[in-house]
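Participant: coords.cif (mmCIF, C-alpha atoms and all ligand atoms) pasted underneath:
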data_target
#
loop_
_atom_site.label_atom_id
_atom_site.label_comp_id
_atom_site.auth_asym_id
_atom_site.auth_seq_id
_atom_site.Cartn_x
_atom_site.Cartn_y
_atom_site.Cartn_z
CA MET B 1 -23.56 -0.22 -6.08
CA GLN B 2 -24.71 1.91 -3.16
CA HIS B 3 -24.12 0.76 0.42
CA GLU B 4 -24.40 2.42 3.81
CA ALA B 5 -20.97 3.72 4.79
CA ALA B 6 -19.19 2.72 7.97
CA TYR B 7 -17.54 5.30 10.23
CA PHE B 8 -19.55 8.46 10.05
CA SER B 9 -21.30 10.66 12.58
CA LYS B 10 -24.18 13.10 12.29
CA SER B 11 -23.35 16.73 13.01
CA GLY B 12 -26.79 18.35 13.03
CA SER B 13 -28.97 19.96 10.34
CA GLY B 14 -28.69 16.87 8.16
CA SER B 15 -24.87 17.09 7.88
CA VAL B 16 -22.52 14.17 8.41
CA VAL B 17 -18.80 13.79 9.14
CA CYS B 18 -16.94 10.87 7.56
CA ASP B 19 -14.53 9.37 10.08
CA LEU B 20 -12.90 6.81 7.77
CA CYS B 21 -9.80 8.81 6.87
CA PRO B 22 -7.96 11.87 8.17
CA ALA B 23 -9.67 14.14 5.59
CA ARG B 24 -12.71 13.92 7.91
CA CYS B 25 -15.03 15.42 5.28
CA HIS B 26 -17.97 17.45 6.64
CA LEU B 27 -20.75 16.89 4.16
CA SER B 28 -24.10 18.66 3.83
CA GLU B 29 -27.00 17.00 2.04
CA GLY B 30 -25.88 15.98 -1.48
CA GLN B 31 -22.20 16.77 -0.96
CA VAL B 32 -19.52 14.23 -1.97
CA GLY B 33 -16.26 13.57 -0.07
CA VAL B 34 -12.74 14.31 -1.28
CA CYS B 35 -12.51 10.68 -2.44
CA HIS B 36 -15.57 11.12 -4.72
CA ALA B 37 -16.88 7.81 -3.34
CA ARG B 38 -18.95 8.79 -0.29
CA GLN B 39 -21.95 11.10 -0.34
CA ASN B 40 -24.44 12.55 2.12
CA ILE B 41 -27.80 11.25 0.94
CA GLY B 42 -30.73 12.15 3.18
CA GLY B 43 -28.53 12.72 6.21
CA GLU B 44 -26.81 9.32 5.89
CA LEU B 45 -23.34 8.63 4.48
CA ILE B 46 -23.58 6.36 1.45
CA THR B 47 -20.75 4.83 -0.56
CA ASP B 48 -21.38 4.23 -4.25
CA ASN B 49 -18.31 2.06 -4.92
CA TYR B 50 -19.26 -1.14 -3.07
CA GLY B 51 -17.89 -4.06 -5.13
CA GLU B 52 -17.32 -1.79 -8.14
CA THR B 53 -13.92 -2.92 -9.44
CA VAL B 54 -11.90 -0.72 -11.76
CA SER B 55 -9.36 -3.39 -12.68
CA ILE B 56 -8.76 -7.06 -11.99
CA ALA B 57 -5.65 -9.14 -12.80
CA VAL B 58 -3.51 -11.95 -11.46
CA ASP B 59 -0.13 -10.49 -10.48
CA PRO B 60 3.08 -11.87 -8.99
CA ILE B 61 3.02 -10.90 -5.31
CA GLU B 62 6.41 -9.25 -5.89
CA LYS B 63 4.60 -6.63 -7.97
CA LYS B 64 2.63 -5.26 -4.99
CA PRO B 65 5.51 -5.07 -3.82
CA LEU B 66 5.56 -7.73 -1.09
CA TYR B 67 8.89 -9.59 -1.04
CA HIS B 68 8.62 -11.47 2.26
CA PHE B 69 5.05 -12.73 2.10
CA TYR B 70 4.63 -15.98 0.15
CA PRO B 71 7.42 -15.14 -2.36
CA ASN B 72 6.96 -16.44 -5.89
CA SER B 73 3.17 -16.72 -5.59
CA ALA B 74 0.34 -15.19 -7.60
CA ILE B 75 -2.36 -12.97 -6.15
CA LEU B 76 -5.63 -11.77 -7.66
CA SER B 77 -5.49 -7.99 -7.58
CA THR B 78 -8.33 -5.53 -7.76
CA GLY B 79 -9.30 -2.05 -6.59
CA PRO B 80 -11.96 0.68 -6.55
CA ASN B 81 -12.29 3.71 -8.83
CA CYS B 82 -11.22 6.29 -6.22
CA CYS B 83 -8.59 7.57 -3.82
CA ASN B 84 -8.63 9.81 -0.76
CA LEU B 85 -5.37 11.56 -1.76
CA ASP B 86 -4.53 13.37 -5.01
CA CYS B 87 -0.81 12.89 -5.60
CA ARG B 88 0.63 15.06 -8.36
CA HIS B 89 2.72 12.08 -9.55
CA CYS B 90 0.00 9.39 -9.39
CA GLN B 91 0.84 6.66 -11.90
CA ASN B 92 -2.72 5.36 -11.74
CA TRP B 93 -4.40 8.76 -11.96
CA SER B 94 -6.69 7.66 -14.80
CA ILE B 95 -8.43 5.22 -12.43
CA SER B 96 -7.81 6.92 -9.05
CA GLN B 97 -8.84 10.48 -9.98
CA ARG B 98 -11.28 10.07 -12.89
CA LYS B 99 -14.62 8.32 -12.99
CA VAL B 100 -14.44 5.36 -15.35
CA ARG B 101 -16.58 2.34 -16.07
CA THR B 102 -16.46 -0.33 -13.33
CA LEU B 103 -17.56 -3.95 -13.02
CA TYR B 104 -19.61 -5.12 -10.03
CA LEU B 105 -18.16 -8.18 -8.29
CA SER B 106 -19.99 -9.47 -5.23
CA PRO B 107 -17.84 -10.76 -2.34
CA GLU B 108 -18.81 -14.32 -3.33
CA ASP B 109 -17.82 -13.65 -6.97
CA LEU B 110 -14.46 -12.34 -5.81
CA VAL B 111 -13.77 -15.48 -3.75
CA ASN B 112 -14.69 -17.66 -6.75
CA ALA B 113 -12.40 -15.61 -9.02
CA VAL B 114 -9.50 -16.08 -6.58
CA ILE B 115 -10.08 -19.84 -6.45
CA GLU B 116 -10.34 -20.12 -10.26
CA SER B 117 -7.14 -18.13 -10.69
CA LYS B 118 -5.25 -20.44 -8.28
CA SER B 119 -3.99 -17.36 -6.42
CA ILE B 120 -3.05 -17.35 -2.74
CA GLY B 121 -5.72 -14.72 -2.09
CA ALA B 122 -6.87 -11.23 -3.01
CA ALA B 123 -4.90 -7.99 -2.99
CA PHE B 124 -6.87 -4.76 -2.75
CA THR B 125 -4.60 -2.37 -4.63
CA TYR B 126 -4.12 -0.20 -7.76
CA THR B 127 -6.00 2.80 -6.29
CA GLU B 128 -6.94 3.17 -2.60
CA PRO B 129 -8.48 0.24 -0.73
CA VAL B 130 -9.17 2.25 2.45
CA VAL B 131 -12.06 3.84 0.55
CA TRP B 132 -13.37 0.33 -0.16
CA PHE B 133 -13.69 -0.38 3.54
CA GLU B 134 -17.21 -1.84 3.54
CA TYR B 135 -16.49 -4.16 0.61
CA ILE B 136 -13.20 -5.46 2.02
CA ARG B 137 -14.84 -6.01 5.40
CA ASP B 138 -17.36 -8.29 3.69
CA CYS B 139 -14.84 -10.07 1.42
CA ALA B 140 -12.12 -10.78 3.97
CA PRO B 141 -13.94 -13.32 6.17
CA LEU B 142 -15.16 -15.22 3.08
CA LEU B 143 -11.63 -15.38 1.70
CA ARG B 144 -10.11 -16.46 4.99
CA LYS B 145 -12.76 -19.12 5.48
CA LYS B 146 -11.41 -20.73 2.29
CA GLY B 147 -7.82 -20.46 3.55
CA LEU B 148 -7.05 -17.53 1.21
CA LYS B 149 -4.98 -14.47 2.10
CA VAL B 150 -6.10 -10.85 2.26
CA VAL B 151 -3.63 -8.13 1.24
CA LEU B 152 -3.85 -4.33 1.19
CA VAL B 153 -1.61 -2.01 -0.82
CA SER B 154 -2.46 1.38 0.59
CA ASN B 155 -1.44 4.98 1.21
CA ALA B 156 -1.91 4.52 4.99
CA TYR B 157 -4.31 7.48 5.03
CA VAL B 158 -6.77 5.92 7.43
CA ASN B 159 -8.02 6.73 10.92
CA PRO B 160 -7.08 4.49 13.87
CA GLU B 161 -10.53 2.93 14.43
CA PRO B 162 -11.03 1.58 10.89
CA LEU B 163 -7.37 0.62 10.77
CA ALA B 164 -7.86 -1.46 13.92
CA GLU B 165 -10.64 -3.31 12.08
CA PHE B 166 -8.48 -3.81 9.00
CA LEU B 167 -5.73 -5.27 11.19
CA GLN B 168 -8.15 -7.93 12.38
CA ILE B 169 -9.13 -9.05 8.88
CA VAL B 170 -6.04 -8.71 6.65
CA ASP B 171 -2.85 -10.79 6.48
CA ALA B 172 -0.36 -8.43 4.85
CA ILE B 173 -0.04 -4.76 3.97
CA ASN B 174 2.29 -2.67 1.87
CA PHE B 175 1.95 0.95 2.96
CA ASP B 176 3.34 3.91 1.06
CA LEU B 177 5.47 6.28 3.06
CA LYS B 178 5.71 9.06 0.53
CA GLY B 179 8.05 11.41 2.38
CA MET B 180 8.96 12.69 5.82
CA ARG B 181 8.05 16.37 5.53
CA PRO B 182 4.52 17.63 6.25
CA GLU B 183 4.84 20.10 3.31
CA PHE B 184 5.49 17.19 0.94
CA TYR B 185 2.23 15.55 1.97
CA SER B 186 0.25 18.82 1.81
CA HIS B 187 1.71 20.18 -1.48
CA VAL B 188 2.28 17.00 -3.45
CA CYS B 189 -0.42 14.63 -2.11
CA LYS B 190 -3.08 16.94 -0.59
CA GLY B 191 -2.86 15.10 2.72
CA LYS B 192 -1.14 15.14 6.09
CA LEU B 193 1.98 13.28 7.20
CA GLU B 194 1.28 12.61 10.88
CA PRO B 195 -1.74 10.27 10.43
CA VAL B 196 0.31 8.20 7.96
CA LEU B 197 3.11 7.77 10.50
CA ASP B 198 0.54 6.84 13.16
CA ALA B 199 -1.03 4.20 10.89
CA ILE B 200 2.39 2.69 10.13
CA ARG B 201 3.38 2.59 13.82
CA MET B 202 0.07 0.98 14.73
CA THR B 203 0.42 -1.68 12.02
CA ALA B 204 4.03 -2.44 12.98
CA GLU B 205 2.77 -3.22 16.48
CA SER B 206 0.16 -5.67 15.15
CA SER B 207 0.70 -9.21 13.89
CA VAL B 208 -0.05 -8.25 10.26
CA HIS B 209 2.88 -8.64 7.85
CA LEU B 210 4.05 -5.14 6.85
CA GLU B 211 6.33 -3.77 4.15
CA LEU B 212 6.83 -0.11 3.20
CA THR B 213 7.39 1.67 -0.11
CA ASN B 214 8.95 5.08 -0.70
CA LEU B 215 8.83 6.61 -4.19
CA ILE B 216 11.89 8.82 -4.56
CA ILE B 217 11.13 11.96 -6.57
CA PRO B 218 14.01 14.26 -7.61
CA GLU B 219 13.95 17.68 -5.88
CA LEU B 220 10.92 16.78 -3.77
CA ASN B 221 11.93 14.02 -1.33
CA ASP B 222 15.42 12.89 -2.41
CA SER B 223 17.76 14.88 -0.12
CA ASP B 224 20.05 13.11 2.34
CA ASP B 225 17.99 14.67 5.13
CA ASP B 226 14.69 13.34 3.69
CA LEU B 227 16.09 9.86 3.19
CA GLN B 228 17.83 9.69 6.57
CA LYS B 229 14.66 10.78 8.39
CA LEU B 230 12.72 8.08 6.58
CA VAL B 231 15.30 5.39 7.37
CA ASP B 232 15.43 6.48 11.03
CA PHE B 233 11.64 6.31 11.26
CA VAL B 234 11.51 2.80 9.76
CA ALA B 235 14.35 1.69 12.05
CA SER B 236 12.43 3.04 15.06
CA LEU B 237 9.42 0.77 14.42
CA SER B 238 8.75 -2.04 16.84
CA ARG B 239 9.95 -4.79 14.43
CA PRO B 240 12.19 -4.99 11.32
CA ILE B 241 10.20 -3.90 8.25
CA PRO B 242 11.29 -4.48 4.62
CA LEU B 243 11.69 -1.13 2.84
CA HIS B 244 11.23 -0.70 -0.93
CA PHE B 245 12.61 2.39 -2.64
CA SER B 246 10.90 2.89 -5.97
CA ALA B 247 12.16 5.07 -8.83
CA TYR B 248 9.80 7.79 -10.05
CA HIS B 249 9.07 8.47 -13.72
CA PRO B 250 7.08 11.53 -14.91
CA SER B 251 3.35 11.03 -14.64
CA TYR B 252 0.07 12.95 -14.25
CA LYS B 253 0.74 16.54 -13.11
CA LEU B 254 4.42 16.15 -12.23
CA LYS B 255 7.11 16.66 -14.88
CA ASN B 256 10.31 16.34 -12.77
CA GLU B 257 12.99 14.17 -14.40
CA SER B 258 13.06 10.43 -13.63
CA THR B 259 14.99 9.38 -10.53
CA PRO B 260 18.67 8.82 -11.51
CA ASP B 261 20.27 5.47 -10.66
CA ASP B 262 22.85 7.14 -8.40
CA THR B 263 20.07 8.59 -6.23
CA MET B 264 18.57 5.13 -5.87
CA ILE B 265 21.95 3.65 -4.94
CA ARG B 266 22.54 6.48 -2.42
CA ALA B 267 19.21 5.66 -0.76
CA TYR B 268 19.98 1.92 -0.79
CA LYS B 269 23.36 2.43 0.89
CA MET B 270 21.99 4.80 3.53
CA ALA B 271 19.11 2.49 4.42
CA SER B 272 21.23 -0.67 4.40
CA LYS B 273 23.31 0.71 7.27
CA LYS B 274 20.29 0.60 9.57
CA LEU B 275 17.72 -1.79 8.08
CA PRO B 276 18.01 -5.54 7.41
CA TYR B 277 15.97 -5.64 4.20
CA VAL B 278 16.18 -2.84 1.60
CA PHE B 279 15.15 -3.14 -2.05
CA LEU B 280 15.17 -0.97 -5.18
CA GLY B 281 12.22 -1.19 -7.56
CA ASN B 282 11.32 0.32 -10.94
CA VAL B 283 15.03 0.31 -11.91
CA ARG B 284 17.00 -1.57 -14.56
CA MET B 285 19.92 -2.33 -12.23
CA GLU B 286 20.37 -5.95 -11.15
CA GLY B 287 21.23 -7.10 -7.64
CA TYR B 288 19.22 -4.61 -5.60
CA ALA B 289 16.10 -6.73 -5.23
CA ASP B 290 17.61 -9.76 -3.49
CA SER B 291 16.87 -10.70 0.12
CA LYS B 292 20.08 -11.40 2.01
CA CYS B 293 20.54 -12.79 5.49
CA PRO B 294 21.12 -9.80 7.80
CA ARG B 295 23.66 -11.85 9.78
CA CYS B 296 25.83 -13.75 7.24
CA HIS B 297 24.70 -12.05 3.96
CA ASN B 298 23.83 -15.41 2.38
CA HIS B 299 21.43 -14.84 -0.53
CA LEU B 300 18.00 -16.01 0.65
CA ILE B 301 15.91 -15.00 -2.35
CA GLU B 302 17.14 -13.74 -5.73
CA ARG B 303 14.91 -11.61 -7.94
CA SER B 304 15.21 -10.36 -11.48
CA LEU B 305 12.23 -8.34 -12.71
CA TYR B 306 9.41 -10.61 -11.56
CA HIS B 307 11.45 -13.79 -11.66
CA THR B 308 11.99 -15.06 -8.12
CA ASP B 309 14.26 -17.89 -6.89
CA ILE B 310 14.28 -19.03 -3.28
CA VAL B 311 17.92 -20.08 -2.97
CA GLY B 312 19.05 -19.85 0.65
CA LEU B 313 16.18 -20.68 2.97
CA GLU B 314 15.38 -23.78 4.97
CA GLY B 315 11.86 -23.11 6.12
CA SER B 316 12.02 -19.46 7.10
CA LYS B 317 15.64 -19.70 8.34
CA CYS B 318 18.90 -18.89 6.57
CA SER B 319 20.28 -22.16 5.18
CA GLN B 320 23.81 -21.08 6.12
CA CYS B 321 23.66 -19.58 9.63
CA VAL B 322 20.10 -20.59 10.68
CA THR B 323 19.08 -16.98 11.48
CA GLU B 324 15.31 -16.51 11.39
CA SER B 325 14.49 -14.37 8.31
CA GLY B 326 10.93 -13.37 9.14
CA ILE B 327 9.95 -14.36 5.59
CA ILE B 328 6.50 -15.96 5.43
CA LEU B 329 6.40 -18.99 3.13
S1 LIG F 401 -13.03 8.42 3.10
FE1 LIG F 401 -13.64 9.96 1.59
S2 LIG F 401 -15.45 10.97 2.44
FE2 LIG F 401 -14.43 9.85 4.10
S3 LIG F 401 -13.11 11.37 5.09
FE3 LIG F 401 -11.86 10.28 3.59
S4 LIG F 401 -12.00 11.48 1.72
FE4 LIG F 401 -13.65 12.18 3.06
S1 LIG F 402 -2.37 7.60 -2.90
FE1 LIG F 402 -1.72 6.31 -4.61
S2 LIG F 402 -3.56 6.03 -5.89
FE2 LIG F 402 -3.93 7.75 -4.50
S3 LIG F 402 -3.41 9.55 -5.70
FE3 LIG F 402 -1.61 8.98 -4.46
S4 LIG F 402 -0.38 7.67 -5.80
FE4 LIG F 402 -2.45 7.78 -6.69
#
Would you kindly transcribe this structure into structure tokens?
Facilitator:
Amino acid sequence: MQHEAAYFSKSGSGSVVCDLCPARCHLSEGQVGVCHARQNIGGELITDNYGETVSIAVDPIEKKPLYHFYPNSAILSTGPNCCNLDCRHCQNWSISQRKVRTLYLSPEDLVNAVIESKSIGAAFTYTEPVVWFEYIRDCAPLLRKKGLKVVLVSNAYVNPEPLAEFLQIVDAINFDLKGMRPEFYSHVCKGKLEPVLDAIRMTAESSVHLELTNLIIPELNDSDDDLQKLVDFVASLSRPIPLHFSAYHPSYKLKNESTPDDTMIRAYKMASKKLPYVFLGNVRMEGYADSKCPRCHNHLIERSLYHTDIVGLEGSKCSQCVTESGIIL
């Protein structure tokens, strides 16, 4: 469904500039943006993906991954048929980079689907929700009015002004931090690193619950230097942020070998020296997905695949030493 796009400016001779994400596409009449979702039609920027969902499912919130936001709950998850990056390893490339059939769901229909599914809210995920800005802006107040939560799972490739609006209307975000070298972002993802870091810093300073995910890819972002820079950046943020390392498996245009377990353990050990909450995902190893009290190491939440047990919390505090965990229940 077509809808007037937010965040664009006119640049003369019928051209427009889209200001939603750092790609800042300059579009002449008829041209389509890098995300394939926004087009200059008659000197206006129009999005054709409003409410067009490419997938819809009820997922455990741990699958987003969000480990410290209503653990052990279900969330209705959906997303658009587009993305503003083009990662060589994209595991959802068939719905992020190719046009496929979509289903229109009005904001009211989405709220009803969340209520029927008995989920805590809606997660905008799978592909890239930033490029669904207008739809999410309409859905979020309706969801919140019913006491439901609004979650984004995003690549953080968004400009500060729209991000400021998102931060007013969402409850929790998992942002990808794909690497710490500008060349990684330009060669592997066709984007830029600095705006991603800015978006993460800005979100860490807001009241929105934030977790971060780093996909470790052999030979591309798995060196000690890469991992240490990432850990140092996360540790420098204005509040403690849970960090998820995820193992890569070959997908789309990238054929590098899968991430070995010892690389994942190396990352876990490095990060655990500086960060209170570090997790490994997409691995078969047990014991690396539990939340432990940063002070007394009491197990707060134990996880095995998507099975979650809250074992050591009283309210949001450690049941043993009464340290505040920051976990939202
Ligand atoms: S949202 Fe799409 S059209 Fe707008 S700047 Fe980003 S890639 Fe370009
Ligand atoms: S940002 Fe995510 S959805 Fe978009 S291309 Fe990269 S991995 Fe795929």
Participant: Would you give me, as CSV, each residue of chain B having an atom within 8 Å of an atom of ligand LIG 402 (chain F), along with its shortest atom pair and that distance in Å to one decimal, using only C-alpha atoms and all ligand atoms and sorting by chain and residue number?
Facilitator:
residue,atom,partner,partner_atom,distance
B:Cys82,CA,F:LIG402,FE2,7.6
B:Cys83,CA,F:LIG402,FE2,4.7
B:Asn84,CA,F:LIG402,FE2,6.3
B:Leu85,CA,F:LIG402,S3,4.8
B:Asp86,CA,F:LIG402,S3,4.0
B:Cys87,CA,F:LIG402,FE3,4.2
B:Arg88,CA,F:LIG402,S3,7.3
B:His89,CA,F:LIG402,S4,6.6
B:Cys90,CA,F:LIG402,FE4,4.0
B:Gln91,CA,F:LIG402,FE4,6.3
B:Asn92,CA,F:LIG402,FE4,5.6
B:Trp93,CA,F:LIG402,FE4,5.7
B:Ser96,CA,F:LIG402,S2,5.4
B:Gln97,CA,F:LIG402,S3,7.0
B:Tyr126,CA,F:LIG402,S2,6.5
B:Thr127,CA,F:LIG402,S2,4.1
B:Glu128,CA,F:LIG402,S2,5.5
B:Ser154,CA,F:LIG402,S1,7.1
B:Asn155,CA,F:LIG402,S1,5.0
B:Asp176,CA,F:LIG402,S1,7.9
B:Cys189,CA,F:LIG402,FE3,6.2
Participant: What is the atom CA of B:Leu45 to atom CA of B:Ala23 distance in Å?
Facilitator: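 Computing it gives 14.8 Å between the two atoms.
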Participant: Which residues are near ligand LIG 401 (chain F) - at most 10 Å, using only C-alpha atoms and all ligand atoms? Format: as an MDAnalysis selection string.
Facilitator: chainID B and resid 5:8 16:27 31:40 45:47 82:85 128 130:133 157:159 191
Participant: Return the single residue from B:Leu210, B:Leu215, B:Ser55, B:Arg181 that is closest to B:Pro250, with distances computed using all atoms listed in the file.
Facilitator: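 Closest to B:Pro250 of all the choices is B:Leu215.
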Participant: So, counting all atoms listed in the file, which residue among B:Val153, B:Val111, B:Ala247, B:Cys296 is closest to B:Arg284?
Facilitator: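 Checking each of B:Val153, B:Val111, B:Ala247, B:Cys296 against B:Arg284, counting all atoms listed in the file, the winner is B:Ala247.
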Participant: One decimal, Å: what's the distance from atom CA of B:Glu324 over to atom CA of B:Lys149, could you say?
Facilitator: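 Separation of atom CA of B:Glu324 and atom CA of B:Lys149: 22.4 Å.
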Participant: Using all atoms listed in the file, which of the listed residues (B:Gln228, B:Lys63, B:Ala57, B:Leu143) sits closest to B:Asn112?
Facilitator: B:Leu143
Participant: Measuring atom to atom with all atoms listed in the file, identify which of B:Val234, B:Ala74, B:Ile115, B:Leu197 is nearest to B:Thr308.
Facilitator: B:Ala74
Participant: Of the residues B:Glu165, B:Phe245, B:Pro260, B:Leu237, which is the one nearest to B:Gly179, using all atoms listed in the file?
Facilitator: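 Smallest distance to B:Gly179 is found for B:Phe245.
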